[in-house]
$ cat input.txt   # compact mmCIF, C-alpha atoms and all ligand atoms
# COMPACT_ATOMS: atom_id res chain seq x y z
CA MET A 1 -85.04 68.33 -70.97
CA VAL A 2 -82.23 70.23 -72.56
CA ALA A 3 -84.13 73.51 -72.50
CA LYS A 4 -84.85 73.23 -68.76
CA THR A 5 -81.18 72.70 -68.05
CA LEU A 6 -80.29 75.63 -70.23
CA ALA A 7 -82.83 77.87 -68.55
CA LEU A 8 -81.26 76.96 -65.21
CA PHE A 9 -77.84 77.64 -66.58
CA ILE A 10 -78.96 81.05 -67.77
CA THR A 11 -80.63 81.85 -64.46
CA CYS A 12 -77.48 81.03 -62.53
CA ALA A 13 -75.53 83.58 -64.50
CA ILE A 14 -77.83 86.37 -63.32
CA PHE A 15 -77.34 88.41 -60.21
CA TYR A 16 -80.51 89.44 -58.50
CA CYS A 17 -80.48 92.94 -57.20
CA HIS A 18 -82.66 93.43 -54.16
CA GLY A 19 -83.14 96.98 -53.05
CA ALA A 20 -82.06 100.20 -54.62
CA ALA A 21 -78.99 100.87 -52.49
CA SER A 22 -76.35 100.33 -55.15
CA LEU A 23 -78.21 101.68 -58.14
CA GLU A 24 -76.05 104.76 -58.43
CA ASP A 25 -72.96 102.55 -58.69
CA LEU A 26 -74.51 100.90 -61.68
CA THR A 27 -74.24 104.08 -63.70
CA ILE A 28 -71.24 103.69 -65.89
CA ARG A 29 -69.47 106.92 -66.57
CA GLN A 30 -66.84 107.63 -69.19
CA VAL A 31 -68.73 105.97 -71.97
CA THR A 32 -67.61 107.16 -75.33
CA ASP A 33 -70.34 105.71 -77.49
CA ASP A 34 -73.34 108.05 -77.70
CA ARG A 35 -75.82 105.25 -77.62
CA LEU A 36 -74.25 103.89 -74.47
CA SER A 37 -74.48 107.26 -72.78
CA ASN A 38 -78.09 107.42 -73.85
CA LEU A 39 -78.65 104.09 -72.17
CA LEU A 40 -76.73 104.72 -69.02
CA GLY A 41 -76.38 108.47 -68.67
CA THR A 42 -79.42 109.55 -66.74
CA HIS A 43 -80.55 108.38 -63.36
CA THR A 44 -81.87 104.84 -63.47
CA GLU A 45 -85.01 105.56 -61.51
CA THR A 46 -85.99 108.37 -63.88
CA LYS A 47 -85.55 105.97 -66.75
CA PHE A 48 -87.59 103.38 -64.89
CA ARG A 49 -90.47 105.87 -64.49
CA VAL A 50 -90.39 106.55 -68.23
CA PHE A 51 -90.38 102.80 -68.88
CA MET A 52 -93.38 102.32 -66.55
CA SER A 53 -95.35 105.01 -68.32
CA ASP A 54 -94.34 103.86 -71.84
CA TYR A 55 -95.43 100.29 -71.20
CA GLY A 56 -98.31 100.99 -68.79
CA LYS A 57 -96.62 99.16 -65.92
CA SER A 58 -97.65 99.40 -62.29
CA TYR A 59 -96.53 97.47 -59.23
CA SER A 60 -98.82 96.71 -56.33
CA THR A 61 -96.37 97.18 -53.45
CA ARG A 62 -93.34 99.29 -52.68
CA GLU A 63 -91.31 96.06 -52.35
CA GLU A 64 -92.32 94.97 -55.82
CA TYR A 65 -91.49 98.40 -57.22
CA VAL A 66 -88.02 98.32 -55.67
CA HIS A 67 -87.49 94.73 -56.80
CA ARG A 68 -88.46 95.57 -60.38
CA LEU A 69 -86.35 98.72 -60.33
CA GLY A 70 -83.35 96.58 -59.38
CA ILE A 71 -84.01 94.18 -62.24
CA PHE A 72 -84.52 97.13 -64.59
CA ALA A 73 -81.12 98.54 -63.62
CA LYS A 74 -79.50 95.18 -64.43
CA ASN A 75 -81.32 95.09 -67.75
CA VAL A 76 -80.14 98.56 -68.70
CA LEU A 77 -76.61 97.29 -68.12
CA LYS A 78 -77.39 94.15 -70.07
CA ALA A 79 -78.69 96.23 -72.99
CA ALA A 80 -75.41 98.17 -72.93
CA GLU A 81 -73.48 94.91 -72.92
CA HIS A 82 -75.59 93.59 -75.81
CA GLN A 83 -74.97 96.86 -77.66
CA MET A 84 -71.23 96.28 -77.40
CA LEU A 85 -71.47 92.61 -78.39
CA ASP A 86 -73.91 93.34 -81.20
CA PRO A 87 -72.93 96.68 -82.75
CA THR A 88 -74.99 96.42 -85.95
CA ALA A 89 -78.26 96.24 -84.00
CA VAL A 90 -79.79 98.71 -81.55
CA HIS A 91 -80.36 97.45 -78.03
CA GLY A 92 -82.13 99.20 -75.19
CA VAL A 93 -85.16 99.31 -72.94
CA THR A 94 -88.00 97.04 -74.13
CA ARG A 95 -91.26 95.79 -72.63
CA PHE A 96 -89.20 93.01 -71.00
CA SER A 97 -86.86 95.34 -69.09
CA ASP A 98 -88.44 94.63 -65.68
CA LEU A 99 -88.04 90.85 -66.04
CA THR A 100 -85.14 88.63 -65.08
CA GLU A 101 -83.75 86.51 -67.88
CA GLU A 102 -85.35 83.45 -66.26
CA GLU A 103 -88.77 85.13 -66.18
CA PHE A 104 -88.35 86.38 -69.73
CA THR A 105 -87.38 82.94 -71.05
CA ARG A 106 -90.15 81.16 -69.15
CA MET A 107 -92.94 83.61 -69.99
CA TYR A 108 -92.11 84.82 -73.48
CA THR A 109 -90.28 82.05 -75.32
CA GLY A 110 -91.33 78.39 -75.10
CA VAL A 111 -89.34 75.88 -77.10
CA VAL A 112 -88.70 72.88 -74.85
CA GLY A 113 -87.40 69.37 -75.21
CA VAL A 114 -84.84 70.18 -77.87
CA VAL A 115 -83.29 66.91 -79.04
CA ASP A 116 -80.02 66.77 -80.92
CA VAL A 117 -80.37 64.66 -84.06
CA GLY A 118 -76.89 64.56 -85.53
CA GLY A 119 -76.37 68.30 -85.30
CA ARG A 120 -79.87 69.13 -86.43
CA ARG A 121 -82.00 70.07 -83.46
CA GLY A 122 -85.67 69.71 -82.68
CA GLY A 123 -87.83 66.64 -82.41
CA THR A 124 -86.95 63.23 -83.80
CA VAL A 125 -90.13 63.08 -85.89
CA GLY A 126 -90.51 64.02 -89.53
CA ALA A 127 -88.54 63.13 -92.63
CA GLU A 128 -85.48 65.00 -93.80
CA ALA A 129 -86.41 67.33 -96.65
CA PRO A 130 -85.12 66.21 -100.05
CA MET A 131 -82.25 68.33 -101.40
CA VAL A 132 -83.51 71.11 -103.67
CA GLU A 133 -81.89 73.15 -106.42
CA VAL A 134 -80.14 76.23 -105.06
CA GLU A 135 -79.06 77.89 -108.32
CA GLY A 136 -80.69 81.14 -109.37
CA LEU A 137 -82.26 82.08 -106.05
CA PRO A 138 -83.20 85.76 -105.70
CA THR A 139 -80.75 87.98 -103.77
CA ASP A 140 -83.59 89.48 -101.75
CA PHE A 141 -86.87 87.85 -100.89
CA ASP A 142 -89.78 88.71 -98.59
CA TRP A 143 -92.98 86.66 -98.24
CA ARG A 144 -94.69 89.66 -96.60
CA GLU A 145 -94.66 91.49 -99.94
CA LYS A 146 -96.41 88.54 -101.55
CA GLY A 147 -99.17 88.50 -98.95
CA ALA A 148 -98.22 85.18 -97.34
CA VAL A 149 -97.80 86.47 -93.80
CA THR A 150 -100.53 87.45 -91.31
CA GLU A 151 -100.23 90.43 -88.95
CA VAL A 152 -97.75 90.13 -86.09
CA LYS A 153 -99.47 88.41 -83.16
CA ASP A 154 -98.77 88.55 -79.43
CA GLN A 155 -98.28 85.43 -77.32
CA GLY A 156 -98.58 87.45 -74.09
CA ALA A 157 -97.04 86.08 -70.89
CA CYS A 158 -97.31 82.46 -72.07
CA GLY A 159 -94.53 80.19 -73.34
CA SER A 160 -96.47 79.38 -76.51
CA CYS A 161 -94.03 80.62 -79.17
CA TRP A 162 -93.99 77.09 -80.61
CA ALA A 163 -97.72 77.42 -81.41
CA PHE A 164 -97.21 80.76 -83.20
CA SER A 165 -94.26 79.39 -85.16
CA THR A 166 -96.42 76.41 -86.20
CA THR A 167 -99.46 78.46 -87.27
CA GLY A 168 -97.19 80.84 -89.20
CA ALA A 169 -95.72 77.96 -91.20
CA VAL A 170 -99.18 76.47 -91.85
CA GLU A 171 -100.62 79.88 -92.85
CA GLY A 172 -97.70 80.34 -95.27
CA ALA A 173 -97.93 76.86 -96.81
CA HIS A 174 -101.69 77.32 -97.24
CA PHE A 175 -101.11 80.66 -98.96
CA VAL A 176 -98.50 79.20 -101.31
CA SER A 177 -100.81 76.35 -102.37
CA THR A 178 -104.08 78.35 -102.60
CA GLY A 179 -103.21 82.05 -102.84
CA GLU A 180 -105.41 82.64 -99.81
CA LEU A 181 -104.18 84.02 -96.49
CA VAL A 182 -106.09 82.74 -93.45
CA SER A 183 -105.11 83.51 -89.87
CA LEU A 184 -105.05 80.24 -87.91
CA SER A 185 -105.58 79.31 -84.25
CA GLU A 186 -102.72 79.09 -81.77
CA GLN A 187 -105.20 78.53 -78.94
CA GLN A 188 -106.19 75.18 -80.44
CA LEU A 189 -102.57 74.08 -80.07
CA VAL A 190 -102.21 75.58 -76.59
CA ASP A 191 -105.38 73.83 -75.33
CA CYS A 192 -105.42 70.57 -77.25
CA ASP A 193 -101.94 69.56 -78.40
CA LYS A 194 -100.18 67.30 -75.89
CA ALA A 195 -98.02 65.48 -78.45
CA CYS A 196 -94.68 64.15 -77.24
CA ASP A 197 -91.55 63.33 -79.12
CA PRO A 198 -91.51 59.51 -79.57
CA LYS A 199 -87.84 59.28 -78.51
CA ASP A 200 -88.07 61.69 -75.59
CA LYS A 201 -91.31 61.40 -73.65
CA LYS A 202 -90.43 64.50 -71.64
CA ALA A 203 -90.38 66.63 -74.80
CA CYS A 204 -94.12 67.25 -74.90
CA ASP A 205 -96.25 70.12 -76.10
CA ASP A 206 -97.52 71.76 -72.95
CA GLY A 207 -99.54 74.92 -73.65
CA CYS A 208 -97.94 77.94 -72.01
CA GLY A 209 -95.19 75.66 -70.66
CA GLY A 210 -93.54 75.27 -74.07
CA GLY A 211 -93.48 72.80 -76.94
CA LEU A 212 -91.94 71.87 -80.27
CA MET A 213 -93.18 72.73 -83.76
CA THR A 214 -92.52 69.20 -85.06
CA ASN A 215 -94.69 67.72 -82.28
CA ALA A 216 -97.41 70.19 -83.23
CA TYR A 217 -97.37 69.03 -86.88
CA GLU A 218 -97.76 65.44 -85.67
CA TYR A 219 -100.73 66.49 -83.53
CA LEU A 220 -102.25 68.38 -86.48
CA LYS A 221 -101.85 65.41 -88.84
CA GLU A 222 -103.86 63.30 -86.36
CA ALA A 223 -106.39 65.91 -85.29
CA GLY A 224 -107.16 66.84 -88.88
CA GLY A 225 -105.85 70.39 -88.99
CA LEU A 226 -106.24 73.90 -87.65
CA GLU A 227 -109.29 76.03 -87.02
CA GLU A 228 -109.24 79.69 -87.96
CA GLU A 229 -108.08 82.29 -85.46
CA LYS A 230 -111.57 83.80 -85.40
CA SER A 231 -113.30 80.48 -84.67
CA TYR A 232 -110.84 79.59 -81.88
CA PRO A 233 -109.35 82.90 -80.65
CA TYR A 234 -106.23 83.34 -78.54
CA THR A 235 -106.57 83.83 -74.78
CA GLY A 236 -102.95 83.37 -73.70
CA LYS A 237 -103.96 80.80 -71.07
CA ARG A 238 -104.31 77.04 -71.22
CA GLY A 239 -107.99 76.08 -71.21
CA HIS A 240 -110.19 73.08 -72.02
CA CYS A 241 -109.82 71.84 -75.56
CA LYS A 242 -112.70 73.19 -77.64
CA PHE A 243 -111.46 71.91 -80.98
CA ASP A 244 -114.23 71.03 -83.41
CA PRO A 245 -113.07 68.84 -86.35
CA ASN A 246 -115.93 70.26 -88.43
CA LYS A 247 -114.35 73.70 -88.21
CA VAL A 248 -110.94 72.73 -89.61
CA ALA A 249 -109.83 75.40 -92.11
CA VAL A 250 -106.47 73.95 -93.20
CA LYS A 251 -105.30 70.32 -93.03
CA VAL A 252 -101.71 69.33 -92.34
CA VAL A 253 -100.63 66.31 -94.37
CA ASN A 254 -96.86 66.18 -93.99
CA PHE A 255 -93.81 68.09 -92.83
CA THR A 256 -90.06 67.93 -93.30
CA ASN A 257 -86.93 68.94 -91.42
CA ILE A 258 -84.64 71.14 -93.51
CA PRO A 259 -80.93 70.21 -93.45
CA LEU A 260 -78.43 72.44 -91.64
CA ASP A 261 -77.48 74.38 -94.73
CA GLU A 262 -78.32 78.00 -95.36
CA ASP A 263 -78.66 77.49 -99.12
CA GLN A 264 -81.14 74.66 -98.57
CA ILE A 265 -83.02 76.79 -96.05
CA THR A 266 -83.14 79.65 -98.56
CA ALA A 267 -84.33 77.42 -101.41
CA ASN A 268 -86.99 75.79 -99.23
CA LEU A 269 -88.16 79.19 -98.01
CA VAL A 270 -88.59 80.47 -101.56
CA GLN A 271 -90.23 77.25 -102.75
CA HIS A 272 -92.49 76.29 -99.81
CA GLY A 273 -93.21 79.57 -98.02
CA PRO A 274 -92.34 80.83 -94.54
CA LEU A 275 -90.54 78.25 -92.40
CA ALA A 276 -90.83 77.48 -88.69
CA VAL A 277 -87.44 77.99 -87.03
CA GLY A 278 -85.95 77.80 -83.56
CA LEU A 279 -83.27 80.10 -82.21
CA ASN A 280 -81.53 81.35 -79.10
CA ALA A 281 -83.52 84.44 -78.05
CA VAL A 282 -81.00 85.93 -75.62
CA PHE A 283 -80.36 89.07 -77.69
CA MET A 284 -84.05 89.54 -78.42
CA GLN A 285 -84.83 90.63 -74.85
CA THR A 286 -83.12 93.97 -75.50
CA TYR A 287 -83.48 94.20 -79.31
CA ILE A 288 -84.92 97.40 -80.76
CA GLY A 289 -83.85 97.35 -84.41
CA GLY A 290 -81.08 96.96 -86.99
CA VAL A 291 -79.41 93.69 -88.00
CA SER A 292 -78.52 91.57 -85.00
CA CYS A 293 -75.15 89.94 -85.50
CA PRO A 294 -73.76 89.25 -82.04
CA LEU A 295 -70.11 88.33 -81.59
CA ILE A 296 -71.14 85.52 -79.24
CA CYS A 297 -74.52 83.76 -79.29
CA SER A 298 -74.71 80.08 -78.40
CA LYS A 299 -76.08 77.92 -81.21
CA LYS A 300 -77.09 75.23 -78.74
CA LYS A 301 -79.39 77.16 -76.42
CA ILE A 302 -82.40 77.14 -78.71
CA ASN A 303 -85.34 78.36 -76.63
CA HIS A 304 -87.63 80.30 -78.97
CA GLY A 305 -89.77 79.37 -81.96
CA VAL A 306 -90.33 81.99 -84.67
CA LEU A 307 -91.06 82.25 -88.39
CA LEU A 308 -88.55 82.82 -91.16
CA VAL A 309 -90.29 84.95 -93.80
CA GLY A 310 -87.52 86.29 -95.99
CA TYR A 311 -83.99 87.60 -96.35
CA GLY A 312 -82.08 90.59 -97.60
CA SER A 313 -78.62 91.00 -99.03
CA LYS A 314 -77.72 94.39 -97.59
CA GLY A 315 -78.88 95.13 -94.09
CA PHE A 316 -78.87 98.64 -92.77
CA SER A 317 -75.94 98.88 -90.41
CA ILE A 318 -76.03 101.59 -87.77
CA LEU A 319 -72.27 101.78 -87.32
CA ARG A 320 -71.58 101.28 -91.01
CA LEU A 321 -69.47 98.26 -90.19
CA GLY A 322 -70.46 96.88 -93.53
CA ASN A 323 -73.72 95.76 -95.00
CA LYS A 324 -74.79 92.51 -93.47
CA PRO A 325 -76.96 89.98 -95.26
CA TYR A 326 -79.83 89.07 -92.95
CA TRP A 327 -82.84 86.88 -92.31
CA ILE A 328 -86.26 88.47 -91.77
CA ILE A 329 -87.92 86.80 -88.79
CA LYS A 330 -91.51 87.20 -87.65
CA ASN A 331 -91.83 87.14 -83.88
CA SER A 332 -94.92 86.81 -81.66
CA TRP A 333 -94.37 89.63 -79.16
CA GLY A 334 -96.68 92.18 -80.77
CA LYS A 335 -95.92 94.98 -83.25
CA LYS A 336 -94.41 97.30 -80.67
CA TRP A 337 -91.48 94.95 -80.10
CA GLY A 338 -88.38 95.16 -82.33
CA ASP A 339 -88.71 96.25 -85.94
CA GLY A 340 -92.52 96.40 -86.15
CA GLY A 341 -92.64 92.98 -84.50
CA TYR A 342 -89.84 91.58 -86.66
CA TYR A 343 -86.23 90.62 -85.95
CA LYS A 344 -83.38 90.90 -88.43
CA LEU A 345 -80.62 88.40 -87.79
CA CYS A 346 -77.43 88.22 -89.83
CA ARG A 347 -77.33 85.42 -92.32
CA GLY A 348 -74.59 83.01 -93.25
CA HIS A 349 -73.14 82.07 -89.85
CA ASP A 350 -75.76 79.81 -88.19
CA MET A 351 -76.21 82.80 -85.92
CA CYS A 352 -77.88 81.92 -82.58
CA GLY A 353 -78.63 78.43 -83.97
CA ILE A 354 -80.97 79.72 -86.70
CA ASN A 355 -79.99 76.90 -89.11
CA SER A 356 -80.45 74.01 -86.72
CA MET A 357 -84.22 73.75 -86.19
CA VAL A 358 -86.01 74.53 -89.45
CA SER A 359 -89.13 72.81 -90.72
CA ALA A 360 -91.55 73.08 -93.62
CA VAL A 361 -95.14 71.88 -93.64
CA VAL A 362 -97.41 70.52 -96.38
CA THR A 363 -101.07 71.52 -96.18
CA GLN A 364 -104.33 70.64 -97.88
CA VAL A 365 -107.53 72.60 -98.14
CA SER A 366 -110.21 71.26 -95.88
CA SER A 367 -113.33 70.28 -97.76
C1 LIG B 1 -93.58 63.29 -96.36
O1 LIG B 1 -92.44 63.91 -96.89
C2 LIG B 1 -91.31 63.06 -97.03
C3 LIG B 1 -90.13 63.89 -97.47
O2 LIG B 1 -90.41 64.64 -98.62
C4 LIG B 1 -91.63 61.95 -98.02
O3 LIG B 1 -90.54 61.06 -98.10
C5 LIG B 1 -92.87 61.19 -97.52
O4 LIG B 1 -93.24 60.24 -98.48
C6 LIG B 1 -94.03 62.17 -97.29
N1 LIG B 1 -95.14 61.45 -96.70
C7 LIG B 1 -96.38 61.60 -97.15
C8 LIG B 1 -97.43 60.84 -96.40
O5 LIG B 1 -96.67 62.32 -98.09
$ encode --input "input.txt" --output "structure tokens" --more "lines below"
Ligand SMILES: *[C@@H]1O[C@H](CO)[C@@H](O)[C@H](O)[C@H]1NC(C)=O
Amino acid sequence: MVAKTLALFITCAIFYCHGAASLEDLTIRQVTDDRLSNLLGTHTETKFRVFMSDYGKSYSTREEYVHRLGIFAKNVLKAAEHQMLDPTAVHGVTRFSDLTEEEFTRMYTGVVGVVDVGGRRGGTVGAEAPMVEVEGLPTDFDWREKGAVTEVKDQGACGSCWAFSTTGAVEGAHFVSTGELVSLSEQQLVDCDKACDPKDKKACDDGCGGGLMTNAYEYLKEAGGLEEEKSYPYTGKRGHCKFDPNKVAVKVVNFTNIPLDEDQITANLVQHGPLAVGLNAVFMQTYIGGVSCPLICSKKKINHGVLLVGYGSKGFSILRLGNKPYWIIKNSWGKKWGDGGYYKLCRGHDMCGINSMVSAVVTQVSS
């Protein structure tokens, strides 16, 4: 239960702020960076009111309001800290700004049971992908332009990222083999997939409680495949399994784990379609745009499953600290989050563990 331990570790590093007494002290003065003054300059409660109205938030009691205001104040400071640690991205107030890091990780991420397999992370199932040719790869590549990627989805307050990462990879592989883009069902995985890693019986797929993409492929190989989104729509809650094998739209026949090598990841992405990846989501709680390239981001604390859809050679850099090559990552927090629902993460440094949990899936049309 590596992820559980990590979540605890993260929680312990957070100070809870009960009551509004010291909020004024939290306002940092003498900030030279404009963006920092934008973040911290005005009164926190005013900012909180704007946040509440922007995101349609309401709190049922005065206590809850004050509690959330305290957390918000901490998160404004955290965004400022992230801005300093990650100058090529923009950090600020997001829909998660009234959540503690523990709440955020529990409700909006959802990769659990991360097993270390000789540096590569994830489940112990699945073969290692064969080495592929890396010469002559394009300098820029984006599966969205080719029509292989469905609209950004929203997992809601449910730790089901692993299901969205899995469907994204299956949708992509199906597109690459057939030229047809079909949106597939996360709810089927949330309700029906209880697969466990054979070497770690605690690393099980558990609906809104988290899971692993490699376990999900194993489940899909056995179950027969995935239904379409429209035949088994997303509710964001674990329910009874309503999977109907007659409604399978895409079959999963095999999957592979990609080696910890950014050239191999790139070649597999171009060849096989979007890839399911795990990463450490700590900077995503405050991310607004730009290329995220934090000075410190643990490669080991992988807690979120997302979809690698492309890469660019010259990322737009706010501070003009140089053009950063980046990965284009599809997230499952809706279109209003980040860069139209996407995250740009700098490429070439195993940033936030992005190289360590990458998988590709092989599909077959259901007849
Ligand atoms: C699955 O993929 C691996 C790696 O490419 C390969 O060795 C294996 O034979 C494949 N299994 C099936 C059933 O196709």
$ closest_atom_pairs --input "input.txt" --of "chain A" --to "ligand LIG 1 (chain B)" --cutoff "9 Å" --atoms "all atoms listed in the file" --output "CSV"
residue,atom,partner,partner_atom,distance
A:Gly126,CA,B:LIG1,C1,7.5
A:Ala127,CA,B:LIG1,C3,5.2
A:Glu128,CA,B:LIG1,C3,6.0
A:Ala129,CA,B:LIG1,C3,5.1
A:Pro130,CA,B:LIG1,O2,5.7
A:Val253,CA,B:LIG1,C8,6.7
A:Asn254,CA,B:LIG1,C1,5.0
A:Phe255,CA,B:LIG1,C1,6.0
A:Thr256,CA,B:LIG1,C3,5.8
A:Asn257,CA,B:LIG1,C3,8.5
A:Val362,CA,B:LIG1,C1,8.2
$ closest_residue --input "input.txt" --among "A:Leu77, A:Ala163, A:Val66, A:Val114" --to "Asn303 (chain A)" --atoms "only C-alpha atoms"
A:Val114
$ atom_distance --input "input.txt" --atom1 "CA of Val170 (chain A)" --atom2 "CA of Arg121 (chain A)"
20.2 Å
$ residues_around --input "input.txt" --residues "Leu212 (chain A)" --least-positions-apart "5" --cutoff "12 Å" --atoms "all atoms listed in the file" --output "PyMOL selection string"
chain A and resi 3+109-115+121-125+159-166+189-190+193-197+200+202-207+217-219+276-278+302-306+357-359
$ atom_distance --input "input.txt" --atom1 "CA of Ser298 (chain A)" --atom2 "CA of Phe283 (chain A)"
10.6 Å
$ atom_distance --input "input.txt" --atom1 "CA of Gly338 (chain A)" --atom2 "CA of Tyr326 (chain A)"
14.9 Å
